[in-house]
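K.L.:
This is the structure, below, for whatever I ask next.
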Amino acid sequence: MANLQDIGVSATINLLSALAFLVAFALLRLQPINDRVYFPKWYLKGIRGSPRRSGHVHNVVNLDFNMYIRFLNWMPAALKMPQPELIEHAGLDSAVFVRIYLLGLKIFVPITFLAFAVLVPVNWTGETLEHVKGLAYSDIDKLSLSNIPPASKRFWAHIVMFYVFSFWTYYVLYKEYKLIASMRLRFLAAQKRRPDQFSVLLRNVPLDPDESISEHIEHFFCVNHPDRYLTHQLVYNANHLAKLVENKKGLQNWLVYYENKYERNPSQRPTTKTGFWGLWGSTVDAIDYYTAAMEKISTEEDVEREKVLSDPNSIIPAAFVSFKTRWAAAVCAQTQQSSNPTIWLTEWAPEPRDIYWDNLAIPYVKLAIRKLIMAVALFFLTFCFMVPIAFVQSLANIESIEKVFPFLKPIIEKKVIKSVIQGFLPGIALKIFLILLPRILMTMSQIEGFTSLSALDRRSAEKYHMFILVNVFFGSVITGTAFQQLQKFLHEPSTEFTKTVGDSIPMKATFFITYIMVDGWAGIAAEILRLVPLIVFHLKNTFLVKTDQDRDQAMDPGCLDFPVSEPRIQLYILLGFVYSVVTPILLPFIVVFFAFSYLVYRHQIINVYNQKYESGAAFWPHVHRRVIIGLILAQLLLMGLFSMREAEKSSLFLVALPILTIWVHKFCKGRFESAFVRFPLQDAMVKDTLEKATEPNFDLKIYLKDAYVHPVFKSSSIEQQSLIDDEENNPLVPTKRNSHRSSKLPSEDNSETDNA
């Protein structure tokens with residue numbers, strides 16, 4: 001059982017680690033050679049120039065000692081930029097993401113003060129644990145609800161305070177949801193012209209025996225949107241071509257590397273081996289080898305590109321359809337196009353950089369099957385991880401394990417070793433187990449068939465949140481309890497089981513405190529150091545860079561890792577809710593995490609991260625829902641704890657809280673969620689009218705011509721399908737059908753479904 005000394009050792013190790021990372025960052029960021037690593041966003045915007053041009057700065061080392069005196073000035077600088085400027089500079093997604101940390105501070109700072117003022121004295125004076133024979137506990141556990149006598153009237157203090165905490169959370173969530181919904185609407189209204197404002201993604205186009213897919217799409221929208229339809233872009237299955245292009249980039253990098261190497265030493269031609277990664281095989285001239293490989297793959301690329309464009313089977317029954325106005329696009333994206341709800345499916349088109357092109361090639365009918373398979377796979381993956389979680393928890397409960405495995409006692413009885421193992425090792429071991437998980441979950445989301453990067457991130461975050469909920473939280477509590485009280489379980493009547501569990505759940509606070517310090521303190525400090533991007537940049541700068549353009553391409557600004565960071569925040573919010581009345585000593589550690597993370601990530605989105613897409617904070621409803629889930633779980637767990645502590649009558653007064661929480665969620669959802677899933681027609685009309693008045697001669701068709709062309713075709717010319725211009729001047733829509741009818745009966749739609 002970790003005690004105050006163990007927590008102190010863990011706090012010391014993690015504080016020193018965080019301090020070392022921060023000092024290293026503060027010094028490294030001042031060196032001109034690292035400027036593109038720690039300020040890449042400003043370079044990408046074309047605002048920042050190389051500091052080497054300054055007379056006070058050496059090419060490699062900064063010799064301006066006044067800057068070293070002010071080496072911590074990045075902290076106040078990260079807080080100075082006002083929110084409107086931050087949104088314009090970094091985008092609404094980034095600005096709203098850091099507000100999740102601010103939301104945590106708004107919720108838990110007042111809760112922490114109230115809990116320490118009211119509940120800590122109530123728990124400390126309970127004097128119960130010391131009278132329970134055979135129960136392992138520490139000084140920290142005396143500050144928890146476990147130290148309250150069964151059926152005590154002291155539980156009323158916890159009930160009243162939890163009502164206060166819940167109502168405060170309702171208020172903060174409502175105000176934040178309202179604020180971010182208005183921020184999103186203002187952001188969308190103020191946005192400059194973008195292709196996705198005029199376009200929809202069309203899926204599951206029914207096949208027609210008399211018309212090609214392109215002609216069928218053109219005919220359908222000319223009939224059903226006669227005054228609004230502008231153009232469309234077909235979607236091709238170019239996944240194999242994309243792989244060739246990616247492989248070509250890798251070969252190009254190797255060719256540049258060996259050419260640079262030869263320029264540095266012209267007396268000797270570089271060589272390589274023809275095997276995997278140049279590790280084995282026959283030795284050949286490296287430049288000639290990669291030049292020939294480039295010529296070969298370029299030929300394959302041209303052949304594959306021509307094959308994709310000429311083969312009708314490469315055309316997918318989907319397209320990006322564009323309209324003359326935003327209003328028309330909003331109407332199409334938010335309405336059903338056919339009496340058959342399974343065909344002619346439309347949704348808002350992602351912005352071009354947000355598209356995940358690989359999944360556009362997946363037939364729509366396979367998506368449901370893929371999602372079912374991945375749901376089953378996620379279930380098994382989640383519960384298979386219980387085994388390593390159980391092992392990690394065993395490390396946190398050495399004293400109890402000694403009773404079952406006494407041969408370990410001589411090794412772990414040393415005071416320093418025990419403190420390090422119990423106070424530091426469990427948190428870092430759990431962190432290591434979770435490193436590979438986000439990549440696995442992202443792959444599963446990609447298999448499910450989502451067509452935008454933002455949707456992939458949101459879906460992966462949902463999976464990761466469920467995984468953390470089951471494994472890290474419930475797995476740690478249940479598995480840890482079983483190990484911790486194993487001896488007691490084996491030697492007591494079954495009627496005492498529930499009481500033991502009720503006493504043990506609050507005691508897991510010590511493990512979560514160590515995990516917060518490892519993951520939330522030292523982990524966040526490591527994020528700002530950017531050690532891996534620093535090393536990769538200098539390797540590229542040494543071996544691959546010839547020009548300033550190459551140096552810019554060598555920068556890796558990265559982006560917000562929403563699928564990982566947001567579920568981690570939700571874990572800390574859940575822990576805060578659960579332990580706010582159970583073990584309030586955990587709350588300051590959570591507050592430090594939110595404050596430190598807010599500072600670090602605000603600095604990162606200002607100076608480093610370059611977002612891959614801009615969704616207009618479309619993720620906020622998911623954030624709100626997961627906070628609500630955490631609060632409901634905390635309320636249910638507290639009811640269970642009170643029941644186990646022989647306070648059933650008191651726990652009845654908590655029954656109303658989960659019901660009230662669900663009502664608050666439904667109210668906020670009904671009031672604000674529409675702003676995140678629909679675009680108001682009124683706002684669309686205002687933007688269209690204003691744009692028509694200010695730019696009456698703007699050619700929207702040319703602007704949208706190549707907006708949704710697959711990236712692998714951007715360098716080549718694609719023959720555009722001939723489109724009907726000025727449809728309003730043509731009373732009849734040309735068609736290649738044998739029966740020239742401008743509309744179909746519902747029965748014909750059903751037959752098209754069969755063809756699809």
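Chain labels run A, B, ... following the order of the structure tokens; each chain numbers its residues from 1, and ligands are numbered from 1 in the order shown.
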So that each row is one residue of segment 532-592 of chain A with an atom at most 12 Å from segment 249-262 of chain A, can you give its shortest atom pair and the distance in Å to one decimal, using only C-alpha atoms, rows by chain and rising number, as JSON lines?
P.N.:
```
{"residue": "A:Leu539", "atom": "CA", "partner": "A:Tyr257", "partner_atom": "CA", "distance": 10.7}
{"residue": "A:Lys540", "atom": "CA", "partner": "A:Tyr257", "partner_atom": "CA", "distance": 9.0}
{"residue": "A:Asn541", "atom": "CA", "partner": "A:Tyr257", "partner_atom": "CA", "distance": 10.4}
{"residue": "A:Thr542", "atom": "CA", "partner": "A:Tyr257", "partner_atom": "CA", "distance": 9.1}
{"residue": "A:Phe543", "atom": "CA", "partner": "A:Tyr257", "partner_atom": "CA", "distance": 5.3}
{"residue": "A:Leu544", "atom": "CA", "partner": "A:Tyr257", "partner_atom": "CA", "distance": 5.0}
{"residue": "A:Val545", "atom": "CA", "partner": "A:Val256", "partner_atom": "CA", "distance": 8.2}
{"residue": "A:Lys546", "atom": "CA", "partner": "A:Asn260", "partner_atom": "CA", "distance": 7.7}
{"residue": "A:Thr547", "atom": "CA", "partner": "A:Asn260", "partner_atom": "CA", "distance": 11.4}
{"residue": "A:Asp550", "atom": "CA", "partner": "A:Val256", "partner_atom": "CA", "distance": 10.5}
{"residue": "A:Gln553", "atom": "CA", "partner": "A:Asn253", "partner_atom": "CA", "distance": 11.6}
{"residue": "A:Ala554", "atom": "CA", "partner": "A:Asn253", "partner_atom": "CA", "distance": 11.0}
```
K.L.:
Quick one: write out the picked residues with N, CA, C and O atoms as a short mmCIF file (atom, residue, chain, number, x, y, z; two decimals), in the first residue's frame?
P.N.:
```cif
data_model
loop_
_atom_site.label_atom_id
_atom_site.label_comp_id
_atom_site.auth_asym_id
_atom_site.auth_seq_id
_atom_site.Cartn_x
_atom_site.Cartn_y
_atom_site.Cartn_z
N LEU A 539 18.41 15.17 -38.40
CA LEU A 539 18.83 14.11 -39.32
C LEU A 539 18.48 14.47 -40.76
O LEU A 539 19.31 14.33 -41.67
N LYS A 540 17.27 14.96 -40.97
CA LYS A 540 16.87 15.38 -42.32
C LYS A 540 17.71 16.57 -42.77
O LYS A 540 18.11 16.65 -43.94
N ASN A 541 17.93 17.51 -41.86
CA ASN A 541 18.69 18.70 -42.21
C ASN A 541 20.12 18.35 -42.60
O ASN A 541 20.75 19.03 -43.43
N THR A 542 20.65 17.29 -42.02
CA THR A 542 22.03 16.88 -42.30
C THR A 542 22.14 16.12 -43.61
O THR A 542 23.08 16.33 -44.39
N PHE A 543 21.17 15.24 -43.89
CA PHE A 543 21.33 14.31 -45.00
C PHE A 543 20.44 14.60 -46.21
O PHE A 543 20.73 14.13 -47.31
N LEU A 544 19.33 15.31 -46.05
CA LEU A 544 18.37 15.45 -47.15
C LEU A 544 18.17 16.87 -47.64
O LEU A 544 17.54 17.07 -48.68
N VAL A 545 18.65 17.86 -46.90
CA VAL A 545 18.32 19.25 -47.22
C VAL A 545 19.36 19.85 -48.15
O VAL A 545 20.57 19.79 -47.89
N LYS A 546 18.86 20.44 -49.27
CA LYS A 546 19.71 21.19 -50.18
C LYS A 546 19.35 22.67 -50.19
O LYS A 546 20.22 23.53 -50.24
N THR A 547 18.06 22.97 -50.17
CA THR A 547 17.58 24.35 -50.30
C THR A 547 16.74 24.72 -49.08
O THR A 547 16.42 23.88 -48.24
N ASP A 550 13.65 22.67 -49.05
CA ASP A 550 13.87 21.36 -48.44
C ASP A 550 13.86 21.46 -46.92
O ASP A 550 13.33 20.58 -46.23
N GLN A 553 10.37 21.67 -45.68
CA GLN A 553 9.71 20.38 -45.76
C GLN A 553 10.21 19.42 -44.68
O GLN A 553 9.48 18.49 -44.30
N ALA A 554 11.42 19.64 -44.20
CA ALA A 554 11.96 18.79 -43.14
C ALA A 554 11.32 19.08 -41.79
O ALA A 554 11.42 18.26 -40.87
#
```
K.L.:
In segment 238-288 of chain A, what's strand (DSSP E or B) per DSSP? Answer as number ranges by chain?
P.N.:
A: 271-273, 283-285
K.L.:
In Å, how far is it from atom CA of Lys153 of chain A to atom CA of Thr583 of chain A?
P.N.:
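About the pair atom CA of Lys153 of chain A and atom CA of Thr583 of chain A: they are 18.0 Å apart.
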K.L.:
What does the distance between atom CA of Lys80 of chain A and atom CA of Arg99 of chain A come to in Å, to one decimal place?
P.N.:
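Calculated distance between atom CA of Lys80 of chain A and atom CA of Arg99 of chain A is 15.1 Å.
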K.L.:
Give the answer as one residue: which of A:Asp93, A:Glu176, A:Glu300, A:Glu218 has the shortest atom-to-atom distance to Cys668 of chain A, using only C-alpha atoms?
P.N.:
A:Glu176
K.L.:
Just want the 9 Å neighbourhood of Leu453 of chain A, counted on only C-alpha atoms, with same-chain residues fewer than 4 positions away dropped. Output as a PyMOL selection string.
P.N.:
chain A and resi 350+353-356+457-458+612-613
K.L.:
Just write the chosen residues, C-alpha atoms, as a tab-separated table (two decimals), in the first residue's frame.
P.N.:
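Result went into selection22.tsv, see below:
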```
chain	number	residue	atom	x	y	z
A	350	PRO	CA	-15.31	17.72	-45.79
A	353	ARG	CA	-7.50	18.63	-46.75
A	354	ASP	CA	-9.85	16.78	-44.34
A	355	ILE	CA	-10.72	13.99	-46.78
A	356	TYR	CA	-9.46	10.48	-46.09
A	457	ASP	CA	-10.23	11.34	-34.94
A	458	ARG	CA	-13.62	11.61	-33.24
A	612	LYS	CA	-4.38	18.94	-40.69
A	613	TYR	CA	-7.99	20.12	-40.98
```
K.L.:
Output as a Markdown table one row per residue of segment 183-276 of chain A within 7 Å of segment 304-315 of chain A: the closest atom pair and its distance in Å to one decimal place, counting only C-alpha atoms, sorted by chain and residue number ascending.
P.N.:
```
| residue | atom | partner | partner_atom | distance |
| --- | --- | --- | --- | --- |
| A:Val235 | CA | A:Ile315 | CA | 6.1 |
| A:Tyr236 | CA | A:Ile315 | CA | 4.7 |
| A:Asn237 | CA | A:Ser314 | CA | 5.2 |
| A:Ala238 | CA | A:Val308 | CA | 6.7 |
| A:Leu241 | CA | A:Glu304 | CA | 6.1 |
```
K.L.:
Write the selection just made, keeping N, CA, C and O atoms, as an mmCIF file, in the first residue's frame?
P.N.:
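Output file out-v1.cif is given in full below:
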```cif
data_model
loop_
_atom_site.group_PDB
_atom_site.id
_atom_site.type_symbol
_atom_site.label_atom_id
_atom_site.label_comp_id
_atom_site.auth_asym_id
_atom_site.auth_seq_id
_atom_site.Cartn_x
_atom_site.Cartn_y
_atom_site.Cartn_z
ATOM 1 N N VAL A 235 -15.334 10.389 -58.078
ATOM 2 C CA VAL A 235 -14.361 9.804 -57.156
ATOM 3 C C VAL A 235 -13.811 8.533 -57.787
ATOM 4 O O VAL A 235 -14.578 7.664 -58.224
ATOM 5 N N TYR A 236 -12.490 8.442 -57.845
ATOM 6 C CA TYR A 236 -11.825 7.289 -58.449
ATOM 7 C C TYR A 236 -11.185 6.428 -57.367
ATOM 8 O O TYR A 236 -10.736 6.932 -56.331
ATOM 9 N N ASN A 237 -11.130 5.147 -57.621
ATOM 10 C CA ASN A 237 -10.396 4.235 -56.748
ATOM 11 C C ASN A 237 -8.924 4.298 -57.136
ATOM 12 O O ASN A 237 -8.454 3.550 -57.996
ATOM 13 N N ALA A 238 -8.208 5.213 -56.506
ATOM 14 C CA ALA A 238 -6.795 5.447 -56.841
ATOM 15 C C ALA A 238 -5.883 5.049 -55.692
ATOM 16 O O ALA A 238 -4.787 5.606 -55.535
ATOM 17 N N LEU A 241 -2.529 3.681 -56.895
ATOM 18 C CA LEU A 241 -1.737 4.785 -57.428
ATOM 19 C C LEU A 241 -1.159 5.630 -56.292
ATOM 20 O O LEU A 241 -0.002 6.073 -56.363
#
```
K.L.:
Skipping near chain neighbours, those fewer than 4 positions away, what residues fall within 12 Å of segment 670-673 of chain A using only C-alpha atoms, listed as a list in words?
P.N.:
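Listed by chain and then number, they are Leu173, Tyr174, Lys175, Glu176, Tyr177, Lys178, Leu179, Ile180, Ala181, Ser182, Met183, Arg184, Leu185, Ala617, Ala618, Phe619, Trp620, Pro621, His622, Val623, His624, Arg625, Trp663, Val664, His665, Lys666, Val677, Arg678 and Phe679 of chain A.
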K.L.:
Quick one: pull the distance between atom CA of Leu188 of chain A and atom CA of Met685 of chain A, Å, one decimal.
P.N.:
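Between atom CA of Leu188 of chain A and atom CA of Met685 of chain A the gap is 12.9 Å.
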K.L.:
Kindly assemble as a tab-separated table a list of the segment 534-640 of chain A residues that lie within 7 Å of segment 33-46 of chain A, each paired with its nearest atom pair and their distance in Å to one decimal, using only C-alpha atoms, sorted first by chain and then by ascending residue number.
P.N.:
```
residue	atom	partner	partner_atom	distance
A:Leu534	CA	A:Val37	CA	6.0
A:Met555	CA	A:Arg36	CA	6.5
A:Pro557	CA	A:Pro40	CA	5.7
A:Asn607	CA	A:Phe39	CA	4.9
A:Val608	CA	A:Lys41	CA	5.0
A:Tyr609	CA	A:Lys41	CA	6.3
A:Asn610	CA	A:Lys41	CA	6.1
```
K.L.:
Please provide the set of residues having any atom within 8 Å of Lys701 of chain A, restricted to only C-alpha atoms, with same-chain residues fewer than 3 positions apart removed, written as a PDB file with N, CA and C atoms, in the first residue's frame.
P.N.:
```
ATOM      1  N   LEU A 230     -24.274  23.079 -59.975  1.00  0.00           N
ATOM      2  CA  LEU A 230     -23.198  23.721 -60.733  1.00  0.00           C
ATOM      3  C   LEU A 230     -22.311  22.702 -61.431  1.00  0.00           C
ATOM      4  N   THR A 231     -21.729  21.789 -60.688  1.00  0.00           N
ATOM      5  CA  THR A 231     -20.790  20.829 -61.270  1.00  0.00           C
ATOM      6  C   THR A 231     -20.599  19.681 -60.287  1.00  0.00           C
ATOM      7  N   LEU A 704     -14.001  25.977 -58.151  1.00  0.00           N
ATOM      8  CA  LEU A 704     -14.279  24.641 -57.638  1.00  0.00           C
ATOM      9  C   LEU A 704     -13.776  23.533 -58.557  1.00  0.00           C
ATOM     10  N   LYS A 705     -13.238  23.895 -59.711  1.00  0.00           N
ATOM     11  CA  LYS A 705     -12.912  22.914 -60.743  1.00  0.00           C
ATOM     12  C   LYS A 705     -12.037  21.781 -60.226  1.00  0.00           C
TER      13      LYS A 705
END
```
K.L.:
Can you list, as a PDB file with N, CA, C and O atoms, in the first residue's frame, every protein, DNA or RNA residue that comes within 8 Å of segment 561-571 of chain A when you count only C-alpha atoms, leaving out same-chain residues fewer than 5 positions away?
P.N.:
```pdb
ATOM      1  N   ILE A 100     -10.889  22.790 -23.323  1.00  0.00           N
ATOM      2  CA  ILE A 100     -11.246  21.605 -22.532  1.00  0.00           C
ATOM      3  C   ILE A 100     -10.455  21.613 -21.230  1.00  0.00           C
ATOM      4  O   ILE A 100     -10.983  21.284 -20.158  1.00  0.00           O
ATOM      5  N   TYR A 101      -9.172  21.993 -21.306  1.00  0.00           N
ATOM      6  CA  TYR A 101      -8.376  22.112 -20.081  1.00  0.00           C
ATOM      7  C   TYR A 101      -8.914  23.239 -19.208  1.00  0.00           C
ATOM      8  O   TYR A 101      -8.953  23.121 -17.979  1.00  0.00           O
ATOM      9  N   PRO A 438      -3.365   3.711 -29.288  1.00  0.00           N
ATOM     10  CA  PRO A 438      -4.009   4.668 -30.207  1.00  0.00           C
ATOM     11  C   PRO A 438      -3.839   4.321 -31.672  1.00  0.00           C
ATOM     12  O   PRO A 438      -4.764   4.513 -32.470  1.00  0.00           O
ATOM     13  N   ASP A 457     -10.715  10.921 -36.251  1.00  0.00           N
ATOM     14  CA  ASP A 457     -10.225  11.337 -34.937  1.00  0.00           C
ATOM     15  C   ASP A 457     -11.317  11.221 -33.878  1.00  0.00           C
ATOM     16  O   ASP A 457     -11.081  10.744 -32.763  1.00  0.00           O
ATOM     17  N   ARG A 458     -12.528  11.673 -34.218  1.00  0.00           N
ATOM     18  CA  ARG A 458     -13.618  11.608 -33.243  1.00  0.00           C
ATOM     19  C   ARG A 458     -13.978  10.165 -32.900  1.00  0.00           C
ATOM     20  O   ARG A 458     -14.228   9.831 -31.742  1.00  0.00           O
ATOM     21  N   ARG A 459     -14.013   9.298 -33.909  1.00  0.00           N
ATOM     22  CA  ARG A 459     -14.341   7.900 -33.668  1.00  0.00           C
ATOM     23  C   ARG A 459     -13.253   7.206 -32.866  1.00  0.00           C
ATOM     24  O   ARG A 459     -13.541   6.417 -31.951  1.00  0.00           O
ATOM     25  N   SER A 460     -11.986   7.478 -33.180  1.00  0.00           N
ATOM     26  CA  SER A 460     -10.883   6.874 -32.423  1.00  0.00           C
ATOM     27  C   SER A 460     -10.890   7.355 -30.981  1.00  0.00           C
ATOM     28  O   SER A 460     -10.604   6.580 -30.057  1.00  0.00           O
ATOM     29  N   ALA A 461     -11.203   8.625 -30.773  1.00  0.00           N
ATOM     30  CA  ALA A 461     -11.297   9.149 -29.408  1.00  0.00           C
ATOM     31  C   ALA A 461     -12.404   8.447 -28.633  1.00  0.00           C
ATOM     32  O   ALA A 461     -12.257   8.162 -27.435  1.00  0.00           O
ATOM     33  N   GLU A 462     -13.505   8.156 -29.310  1.00  0.00           N
ATOM     34  CA  GLU A 462     -14.604   7.445 -28.645  1.00  0.00           C
ATOM     35  C   GLU A 462     -14.169   6.047 -28.224  1.00  0.00           C
ATOM     36  O   GLU A 462     -14.468   5.602 -27.107  1.00  0.00           O
ATOM     37  N   TYR A 464     -11.055   5.037 -27.673  1.00  0.00           N
ATOM     38  CA  TYR A 464     -10.021   5.154 -26.638  1.00  0.00           C
ATOM     39  C   TYR A 464     -10.654   5.509 -25.291  1.00  0.00           C
ATOM     40  O   TYR A 464     -10.208   5.026 -24.242  1.00  0.00           O
ATOM     41  N   HIS A 465     -11.688   6.343 -25.325  1.00  0.00           N
ATOM     42  CA  HIS A 465     -12.369   6.705 -24.083  1.00  0.00           C
ATOM     43  C   HIS A 465     -13.005   5.470 -23.443  1.00  0.00           C
ATOM     44  O   HIS A 465     -12.899   5.263 -22.226  1.00  0.00           O
ATOM     45  N   ILE A 468     -10.186   3.279 -21.993  1.00  0.00           N
ATOM     46  CA  ILE A 468      -9.656   3.821 -20.745  1.00  0.00           C
ATOM     47  C   ILE A 468     -10.656   3.636 -19.611  1.00  0.00           C
ATOM     48  O   ILE A 468     -10.282   3.315 -18.472  1.00  0.00           O
ATOM     49  N   LEU A 469     -11.921   3.819 -19.922  1.00  0.00           N
ATOM     50  CA  LEU A 469     -12.965   3.668 -18.907  1.00  0.00           C
ATOM     51  C   LEU A 469     -12.977   2.249 -18.349  1.00  0.00           C
ATOM     52  O   LEU A 469     -13.013   2.051 -17.126  1.00  0.00           O
ATOM     53  N   PHE A 473      -9.654   2.677 -15.611  1.00  0.00           N
ATOM     54  CA  PHE A 473     -10.404   3.027 -14.405  1.00  0.00           C
ATOM     55  C   PHE A 473     -10.978   1.791 -13.716  1.00  0.00           C
ATOM     56  O   PHE A 473     -10.538   1.411 -12.636  1.00  0.00           O
ATOM     57  N   VAL A 623     -17.322  15.801 -26.556  1.00  0.00           N
ATOM     58  CA  VAL A 623     -16.661  16.160 -25.299  1.00  0.00           C
ATOM     59  C   VAL A 623     -17.696  16.321 -24.195  1.00  0.00           C
ATOM     60  O   VAL A 623     -17.545  15.794 -23.081  1.00  0.00           O
ATOM     61  N   ARG A 626     -19.161  12.961 -23.027  1.00  0.00           N
ATOM     62  CA  ARG A 626     -18.272  12.135 -22.217  1.00  0.00           C
ATOM     63  C   ARG A 626     -18.083  12.716 -20.812  1.00  0.00           C
ATOM     64  O   ARG A 626     -17.890  11.955 -19.855  1.00  0.00           O
ATOM     65  N   VAL A 627     -18.135  14.022 -20.669  1.00  0.00           N
ATOM     66  CA  VAL A 627     -18.110  14.608 -19.326  1.00  0.00           C
ATOM     67  C   VAL A 627     -19.359  14.185 -18.557  1.00  0.00           C
ATOM     68  O   VAL A 627     -19.291  13.842 -17.362  1.00  0.00           O
ATOM     69  N   GLY A 630     -18.974  10.650 -17.351  1.00  0.00           N
ATOM     70  CA  GLY A 630     -18.125  10.595 -16.168  1.00  0.00           C
ATOM     71  C   GLY A 630     -18.867  11.005 -14.907  1.00  0.00           C
ATOM     72  O   GLY A 630     -18.714  10.382 -13.846  1.00  0.00           O
TER      73      GLY A 630
END
```
K.L.:
At a cut-off of 9 Å, using only C-alpha atoms, what residues contact Ile13 of chain A? Leave out same-chain residues fewer than 4 positions from it and give the result as number ranges by chain.
P.N.:
A: 8-9, 17-18, 424, 518
K.L.:
Restricting the output to all heavy atoms, write the selected residues as a CSV table (one decimal), in the first residue's frame.
P.N.:
```csv
chain,number,residue,atom,x,y,z
A,8,GLY,N,5.4,10.9,-2.0
A,8,GLY,CA,6.4,12.0,-2.0
A,8,GLY,C,7.6,11.6,-2.9
A,8,GLY,O,8.1,12.5,-3.7
A,9,VAL,N,8.0,10.3,-2.9
A,9,VAL,CA,9.1,9.9,-3.8
A,9,VAL,C,8.6,10.1,-5.3
A,9,VAL,O,9.4,10.6,-6.1
A,9,VAL,CB,9.5,8.5,-3.5
A,9,VAL,CG1,10.4,7.9,-4.6
A,9,VAL,CG2,10.1,8.4,-2.2
A,17,SER,N,11.7,15.4,-13.2
A,17,SER,CA,11.6,15.1,-14.6
A,17,SER,C,11.0,16.2,-15.4
A,17,SER,O,11.5,16.7,-16.5
A,17,SER,CB,10.8,13.8,-14.9
A,17,SER,OG,11.4,12.7,-14.2
A,18,ALA,N,9.8,16.7,-14.9
A,18,ALA,CA,9.1,17.8,-15.6
A,18,ALA,C,10.0,19.1,-15.6
A,18,ALA,O,10.1,19.8,-16.6
A,18,ALA,CB,7.8,18.1,-14.9
A,424,PHE,N,6.2,5.0,-8.2
A,424,PHE,CA,6.6,5.5,-9.6
A,424,PHE,C,6.3,4.4,-10.6
A,424,PHE,O,5.8,4.7,-11.7
A,424,PHE,CB,8.0,5.9,-9.6
A,424,PHE,CG,8.5,6.4,-10.9
A,424,PHE,CD1,8.1,7.6,-11.4
A,424,PHE,CD2,9.4,5.6,-11.7
A,424,PHE,CE1,8.5,8.0,-12.7
A,424,PHE,CE2,9.8,6.0,-12.9
A,424,PHE,CZ,9.4,7.3,-13.4
A,518,VAL,N,2.8,10.9,-13.4
A,518,VAL,CA,3.6,10.4,-14.5
A,518,VAL,C,3.1,10.8,-15.9
A,518,VAL,O,3.8,11.4,-16.7
A,518,VAL,CB,3.7,8.8,-14.5
A,518,VAL,CG1,4.3,8.3,-15.8
A,518,VAL,CG2,4.4,8.3,-13.3
```
K.L.:
Go through A:Tyr515, A:Phe380, A:Phe97, A:Phe323 one by one, measure the shortest atom-to-atom distance of each to Gln233 of chain A using only C-alpha atoms, and give the residue with the smallest value.
P.N.:
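Smallest distance to Gln233 of chain A is found for A:Phe323.
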